[in-house]
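Asker: Provided herewith is a single structure, encoded as structure tokens, for subsequent inquiry.
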Amino acid sequence: MKFLLVFDFDHTIINDNSDTWIIQCAPEKKLPNGLQNSYEKGKWTEYMGRIFTYLGEQGIKEDDMKRIMIAIPYTPGMTELLQFIAQKKDFFDCIIISDSNTIFIDWILTHANVQNVFDKVFTNPAAFDQVGNLTVHNFHIHNCSKCPKNLCKKKVLEEFVAKQSQNGIQYTKTVYIGDGGNDLCPITFLKKGDIAMPRQGYALQKRIARDIALIDSSISVWSTGAEILSQLKLLLE
């Protein structure tokens with residue numbers, strides 16, 4: 001008996017958005033209007049790239065960014081949930097699929113000492129360049145018209161499950177935990193008996209209500225890690 005847990009990151013594991021949180025590094029904690037208004041739909045990664053370049057031009061270094069990022073609060077009950085999963089790793093494989101980036105997620109998970117809970121993290125690759133600016137790139141190329149061009153979470157989930165199957169690992173159930181509109185696409189991959197867990201009051205819950213015909217799994221709404229923990233304990237009974 002093996003369960004797959006799939007987590008979003010922003011507003012799910014942490015209680016804010018790591019990409020917008022980093023703006024606290026900027027002078028007066030805000031961006032110039034031209035930069036702030038330069039976002040084009042579906043091109044978030046490029047937008048963040050411009051923000052990271054701007055922060056570098058303001059003399060913001062890696063240590064400055066890390067200090068700000070590790071101060072992001074975890075969602076209530078989430079660290080307790082992750083500690084429970086860590087104790088039950090014989091039953092749970094656990095992955096993150098996120099539109100954040102590798103640097104931010106690594107900093108935040110490592111600071112709370114929960115990085116070993118996760119078997120894989122699928123997110124936009126990031127690195128500091130030769131002059132010390134943070135650079136971020138699209139995770140992959142895909143053909144899904146519903147998702148931003150840098151990341152289709154459904155494609156990631158499909159490929160992960162297929163690869164695990166090739167390695168002889170079959171999952172009794174998949175549980176998908178998220179909050180955002182871009183979490184709807186991977187939830188349409190879930191089958192009867194799987195569990196979609198949208199965060200209460202966030203975009204995903206509203207999208208599921210609107211597109212319920214696309215969904216075969218059961219739906220269990222959560223607001224803190226405690227409700228997710230209760231759900232996982234039921235699976236183990």
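By convention here, the chains of the structure tokens are called A, B, ... in the order presented, each chain's residues are numbered starting at 1, and ligands are numbered starting at 1 in the order presented.
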Please report, as a ChimeraX atom specification, each residue of region 58-194 of chain A to which DSSP assigns helix (DSSP H, G or I) when run on this structure's backbone.

Answerer: /A:62-69,78-87,102-111,115-117,153-166,181-187

Asker: Would you export the selected residues with N, CA and C atoms as a short mmCIF file (atom, residue, chain, number, x, y, z; two decimals), in the first residue's frame, please?

Answerer:
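What follows is the written file selection.cif:
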data_model
loop_
_atom_site.label_atom_id
_atom_site.label_comp_id
_atom_site.auth_asym_id
_atom_site.auth_seq_id
_atom_site.Cartn_x
_atom_site.Cartn_y
_atom_site.Cartn_z
N GLU A 62 22.49 37.46 -2.69
CA GLU A 62 21.90 36.17 -2.33
C GLU A 62 21.54 36.10 -0.85
N ASP A 63 22.44 36.55 0.02
CA ASP A 63 22.17 36.48 1.46
C ASP A 63 20.98 37.33 1.86
N ASP A 64 20.82 38.49 1.21
CA ASP A 64 19.67 39.37 1.49
C ASP A 64 18.37 38.65 1.13
N MET A 65 18.39 38.01 -0.02
CA MET A 65 17.18 37.33 -0.49
C MET A 65 16.85 36.14 0.41
N LYS A 66 17.87 35.40 0.77
CA LYS A 66 17.63 34.21 1.61
C LYS A 66 17.05 34.61 2.96
N ARG A 67 17.56 35.67 3.54
CA ARG A 67 17.08 36.13 4.85
C ARG A 67 15.59 36.47 4.78
N ILE A 68 15.17 37.12 3.70
CA ILE A 68 13.75 37.46 3.52
C ILE A 68 12.91 36.20 3.30
N MET A 69 13.43 35.28 2.46
CA MET A 69 12.63 34.13 2.06
C MET A 69 12.37 33.17 3.22
N MET A 78 0.98 23.01 8.83
CA MET A 78 1.69 22.35 7.73
C MET A 78 2.97 21.67 8.20
N THR A 79 3.72 22.30 9.09
CA THR A 79 4.97 21.65 9.53
C THR A 79 4.65 20.37 10.31
N GLU A 80 3.57 20.38 11.10
CA GLU A 80 3.15 19.16 11.81
C GLU A 80 2.76 18.07 10.81
N LEU A 81 2.06 18.47 9.76
CA LEU A 81 1.68 17.52 8.71
C LEU A 81 2.91 16.90 8.06
N LEU A 82 3.88 17.74 7.72
CA LEU A 82 5.09 17.24 7.05
C LEU A 82 5.89 16.33 7.98
N GLN A 83 5.90 16.65 9.26
CA GLN A 83 6.59 15.77 10.22
C GLN A 83 5.90 14.41 10.31
N PHE A 84 4.58 14.40 10.25
CA PHE A 84 3.82 13.14 10.24
C PHE A 84 4.18 12.31 9.01
N ILE A 85 4.19 12.98 7.84
CA ILE A 85 4.54 12.27 6.60
C ILE A 85 5.95 11.69 6.69
N ALA A 86 6.87 12.46 7.27
CA ALA A 86 8.26 11.99 7.42
C ALA A 86 8.32 10.70 8.22
N GLN A 87 7.47 10.59 9.23
CA GLN A 87 7.45 9.38 10.07
C GLN A 87 6.80 8.20 9.36
N THR A 102 13.55 26.61 -7.88
CA THR A 102 14.34 25.66 -7.09
C THR A 102 15.04 26.32 -5.91
N ILE A 103 15.56 27.53 -6.09
CA ILE A 103 16.30 28.20 -5.01
C ILE A 103 15.39 28.53 -3.84
N PHE A 104 14.25 29.18 -4.13
CA PHE A 104 13.33 29.58 -3.06
C PHE A 104 12.83 28.37 -2.28
N ILE A 105 12.40 27.34 -3.01
CA ILE A 105 11.84 26.16 -2.35
C ILE A 105 12.90 25.47 -1.50
N ASP A 106 14.11 25.35 -2.02
CA ASP A 106 15.18 24.70 -1.25
C ASP A 106 15.49 25.47 0.02
N TRP A 107 15.61 26.79 -0.07
CA TRP A 107 15.87 27.61 1.12
C TRP A 107 14.79 27.39 2.18
N ILE A 108 13.53 27.46 1.75
CA ILE A 108 12.41 27.44 2.69
C ILE A 108 12.25 26.06 3.33
N LEU A 109 12.36 25.00 2.54
CA LEU A 109 12.24 23.65 3.09
C LEU A 109 13.40 23.32 4.02
N THR A 110 14.60 23.70 3.60
CA THR A 110 15.79 23.37 4.40
C THR A 110 15.79 24.11 5.72
N HIS A 111 15.34 25.37 5.71
CA HIS A 111 15.29 26.16 6.94
C HIS A 111 14.40 25.49 7.99
N GLN A 115 13.04 19.20 4.14
CA GLN A 115 13.37 18.90 2.75
C GLN A 115 13.35 17.40 2.46
N ASN A 116 13.65 16.57 3.46
CA ASN A 116 13.71 15.13 3.22
C ASN A 116 12.34 14.46 3.13
N VAL A 117 11.30 15.23 3.42
CA VAL A 117 9.93 14.69 3.27
C VAL A 117 9.63 14.43 1.79
N LYS A 153 1.20 21.36 -14.85
CA LYS A 153 1.36 20.44 -13.71
C LYS A 153 0.80 19.05 -14.03
N LYS A 154 -0.22 18.99 -14.88
CA LYS A 154 -0.76 17.69 -15.27
C LYS A 154 0.28 16.86 -16.01
N LYS A 155 1.00 17.48 -16.92
CA LYS A 155 2.04 16.76 -17.67
C LYS A 155 3.11 16.23 -16.72
N VAL A 156 3.50 17.06 -15.75
CA VAL A 156 4.51 16.63 -14.77
C VAL A 156 4.00 15.42 -13.99
N LEU A 157 2.76 15.49 -13.54
CA LEU A 157 2.18 14.40 -12.74
C LEU A 157 2.05 13.13 -13.57
N GLU A 158 1.56 13.26 -14.78
CA GLU A 158 1.44 12.09 -15.68
C GLU A 158 2.79 11.41 -15.88
N GLU A 159 3.81 12.22 -16.16
CA GLU A 159 5.13 11.66 -16.44
C GLU A 159 5.75 11.02 -15.20
N PHE A 160 5.51 11.63 -14.04
CA PHE A 160 6.05 11.07 -12.79
C PHE A 160 5.40 9.71 -12.50
N VAL A 161 4.08 9.65 -12.59
CA VAL A 161 3.36 8.40 -12.29
C VAL A 161 3.75 7.30 -13.29
N ALA A 162 3.91 7.68 -14.56
CA ALA A 162 4.30 6.69 -15.58
C ALA A 162 5.70 6.14 -15.30
N LYS A 163 6.61 7.03 -14.92
CA LYS A 163 7.98 6.59 -14.63
C LYS A 163 8.01 5.68 -13.40
N GLN A 164 7.24 6.05 -12.38
CA GLN A 164 7.16 5.21 -11.18
C GLN A 164 6.59 3.83 -11.53
N SER A 165 5.60 3.81 -12.40
CA SER A 165 4.99 2.55 -12.83
C SER A 165 6.01 1.66 -13.55
N GLN A 166 6.83 2.30 -14.39
CA GLN A 166 7.89 1.55 -15.08
C GLN A 166 8.89 0.94 -14.09
N GLY A 181 -5.50 28.32 -9.43
CA GLY A 181 -6.16 27.96 -10.68
C GLY A 181 -5.35 26.98 -11.51
N ASN A 182 -4.00 27.07 -11.44
CA ASN A 182 -3.18 26.16 -12.24
C ASN A 182 -3.10 24.76 -11.62
N ASP A 183 -3.78 24.54 -10.49
CA ASP A 183 -3.87 23.20 -9.91
C ASP A 183 -5.08 22.42 -10.45
N LEU A 184 -5.96 23.08 -11.20
CA LEU A 184 -7.11 22.36 -11.74
C LEU A 184 -6.68 21.34 -12.80
N CYS A 185 -5.78 21.73 -13.67
CA CYS A 185 -5.36 20.84 -14.77
C CYS A 185 -4.84 19.49 -14.22
N PRO A 186 -3.92 19.47 -13.26
CA PRO A 186 -3.46 18.16 -12.75
C PRO A 186 -4.55 17.38 -12.02
N ILE A 187 -5.52 18.09 -11.43
CA ILE A 187 -6.60 17.38 -10.74
C ILE A 187 -7.47 16.61 -11.74
#

Asker: If we count only C-alpha atoms and set the cut-off at 9 Å, which residues sit around region 43-58 of chain A, ignoring sequence neighbours fewer than 2 positions away in its own chain? Please answer as a PyMOL selection string.

Answerer: chain A and resi 19+23+25-27+31+35-36+38-41+60-61+99-100+124+131-138+148-150

Asker: With only C-alpha atoms counted and 8 Å as the cut-off, give the residues of region 111-230 of chain A in contact with region 1-16 of chain A, each with its shortest interatomic distance in Å and the pair that gives it, as JSON lines.

Answerer:
{"residue": "A:Gln170", "atom": "CA", "partner": "A:Lys2", "partner_atom": "CA", "distance": 7.3}
{"residue": "A:Tyr171", "atom": "CA", "partner": "A:Lys2", "partner_atom": "CA", "distance": 5.2}
{"residue": "A:Thr172", "atom": "CA", "partner": "A:Phe3", "partner_atom": "CA", "distance": 5.6}
{"residue": "A:Lys173", "atom": "CA", "partner": "A:Phe3", "partner_atom": "CA", "distance": 5.2}
{"residue": "A:Thr174", "atom": "CA", "partner": "A:Leu4", "partner_atom": "CA", "distance": 4.7}
{"residue": "A:Val175", "atom": "CA", "partner": "A:Leu5", "partner_atom": "CA", "distance": 4.9}
{"residue": "A:Tyr176", "atom": "CA", "partner": "A:Val6", "partner_atom": "CA", "distance": 4.7}
{"residue": "A:Ile177", "atom": "CA", "partner": "A:Phe7", "partner_atom": "CA", "distance": 4.9}
{"residue": "A:Gly178", "atom": "CA", "partner": "A:Asp8", "partner_atom": "CA", "distance": 4.9}
{"residue": "A:Asp179", "atom": "CA", "partner": "A:Thr12", "partner_atom": "CA", "distance": 6.3}
{"residue": "A:Asp183", "atom": "CA", "partner": "A:Asp8", "partner_atom": "CA", "distance": 7.6}
{"residue": "A:Arg199", "atom": "CA", "partner": "A:Thr12", "partner_atom": "CA", "distance": 7.5}

Asker: Report as a list in words: the residues of region 107-228 of chain A with a DSSP assignment of strand (DSSP E or B), based on the backbone of this structure.

Answerer: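 Here are the strand (DSSP E or B) residues of region 107-228 of chain A: Lys120, Val121, Phe122, Thr123, Asn124, Ala126, Ala127, Phe128, Leu134, Thr135, Val136, Lys173, Thr174, Val175, Tyr176, Ile177, Gly178, Ile195, Ala196, Met197, Pro198, Arg199, Ser218, Ile219 and Trp222 of chain A.
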
Asker: Distance CA of Val221 (chain A)-CA of Gly42 (chain A), one decimal place?

Answerer: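 That distance, rounded to one decimal, is 26.9 Å.
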
Asker: For Asp211 (chain A), which of A:Asp90, A:Tyr74, A:Ser98, A:Thr188 is the closest residue, counting only C-alpha atoms?

Answerer: A:Thr188

Asker: Between A:Gly201, A:Gly193, A:Gly168, A:Gly225, which residue has the minimum interatomic distance to Pro76 (chain A), considering only C-alpha atoms?

Answerer: A:Gly225

Asker: Show which residues sit within 12 Å of Glu237 (chain A), as a VMD selection string. Count only C-alpha atoms, and ignore same-chain residues fewer than 5 positions away.

Answerer: chain A and resid 1 91 230 to 232

Asker: Take the residues that were just selected and, keeping N, CA and C atoms, output them as a JSON list (two decimals), in the first residue's frame.

Answerer:
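Printed below is result_29.json as written:
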[["chain", "number", "residue", "atom", "x", "y", "z"],
["A", 1, "MET", "N", 0.85, -1.20, 0.00],
["A", 1, "MET", "CA", 0.00, 0.00, 0.00],
["A", 1, "MET", "C", 0.88, 1.24, 0.00],
["A", 91, "PHE", "N", 4.69, 4.59, 3.69],
["A", 91, "PHE", "CA", 3.37, 4.61, 3.06],
["A", 91, "PHE", "C", 3.21, 5.72, 2.03],
["A", 230, "SER", "N", -5.76, 14.74, 9.10],
["A", 230, "SER", "CA", -6.90, 13.86, 9.41],
["A", 230, "SER", "C", -7.20, 12.95, 8.22],
["A", 231, "GLN", "N", -7.16, 13.53, 7.02],
["A", 231, "GLN", "CA", -7.44, 12.76, 5.80],
["A", 231, "GLN", "C", -6.40, 11.65, 5.62],
["A", 232, "LEU", "N", -5.14, 11.98, 5.86],
["A", 232, "LEU", "CA", -4.07, 10.97, 5.68],
["A", 232, "LEU", "C", -4.18, 9.87, 6.72]]

Asker: What separation in Å, quoted to one decimal, exists between CA of Trp222 (chain A) and CA of Gln200 (chain A)?

Answerer: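 Separating CA of Trp222 (chain A) from CA of Gln200 (chain A) is a distance of 5.6 Å.
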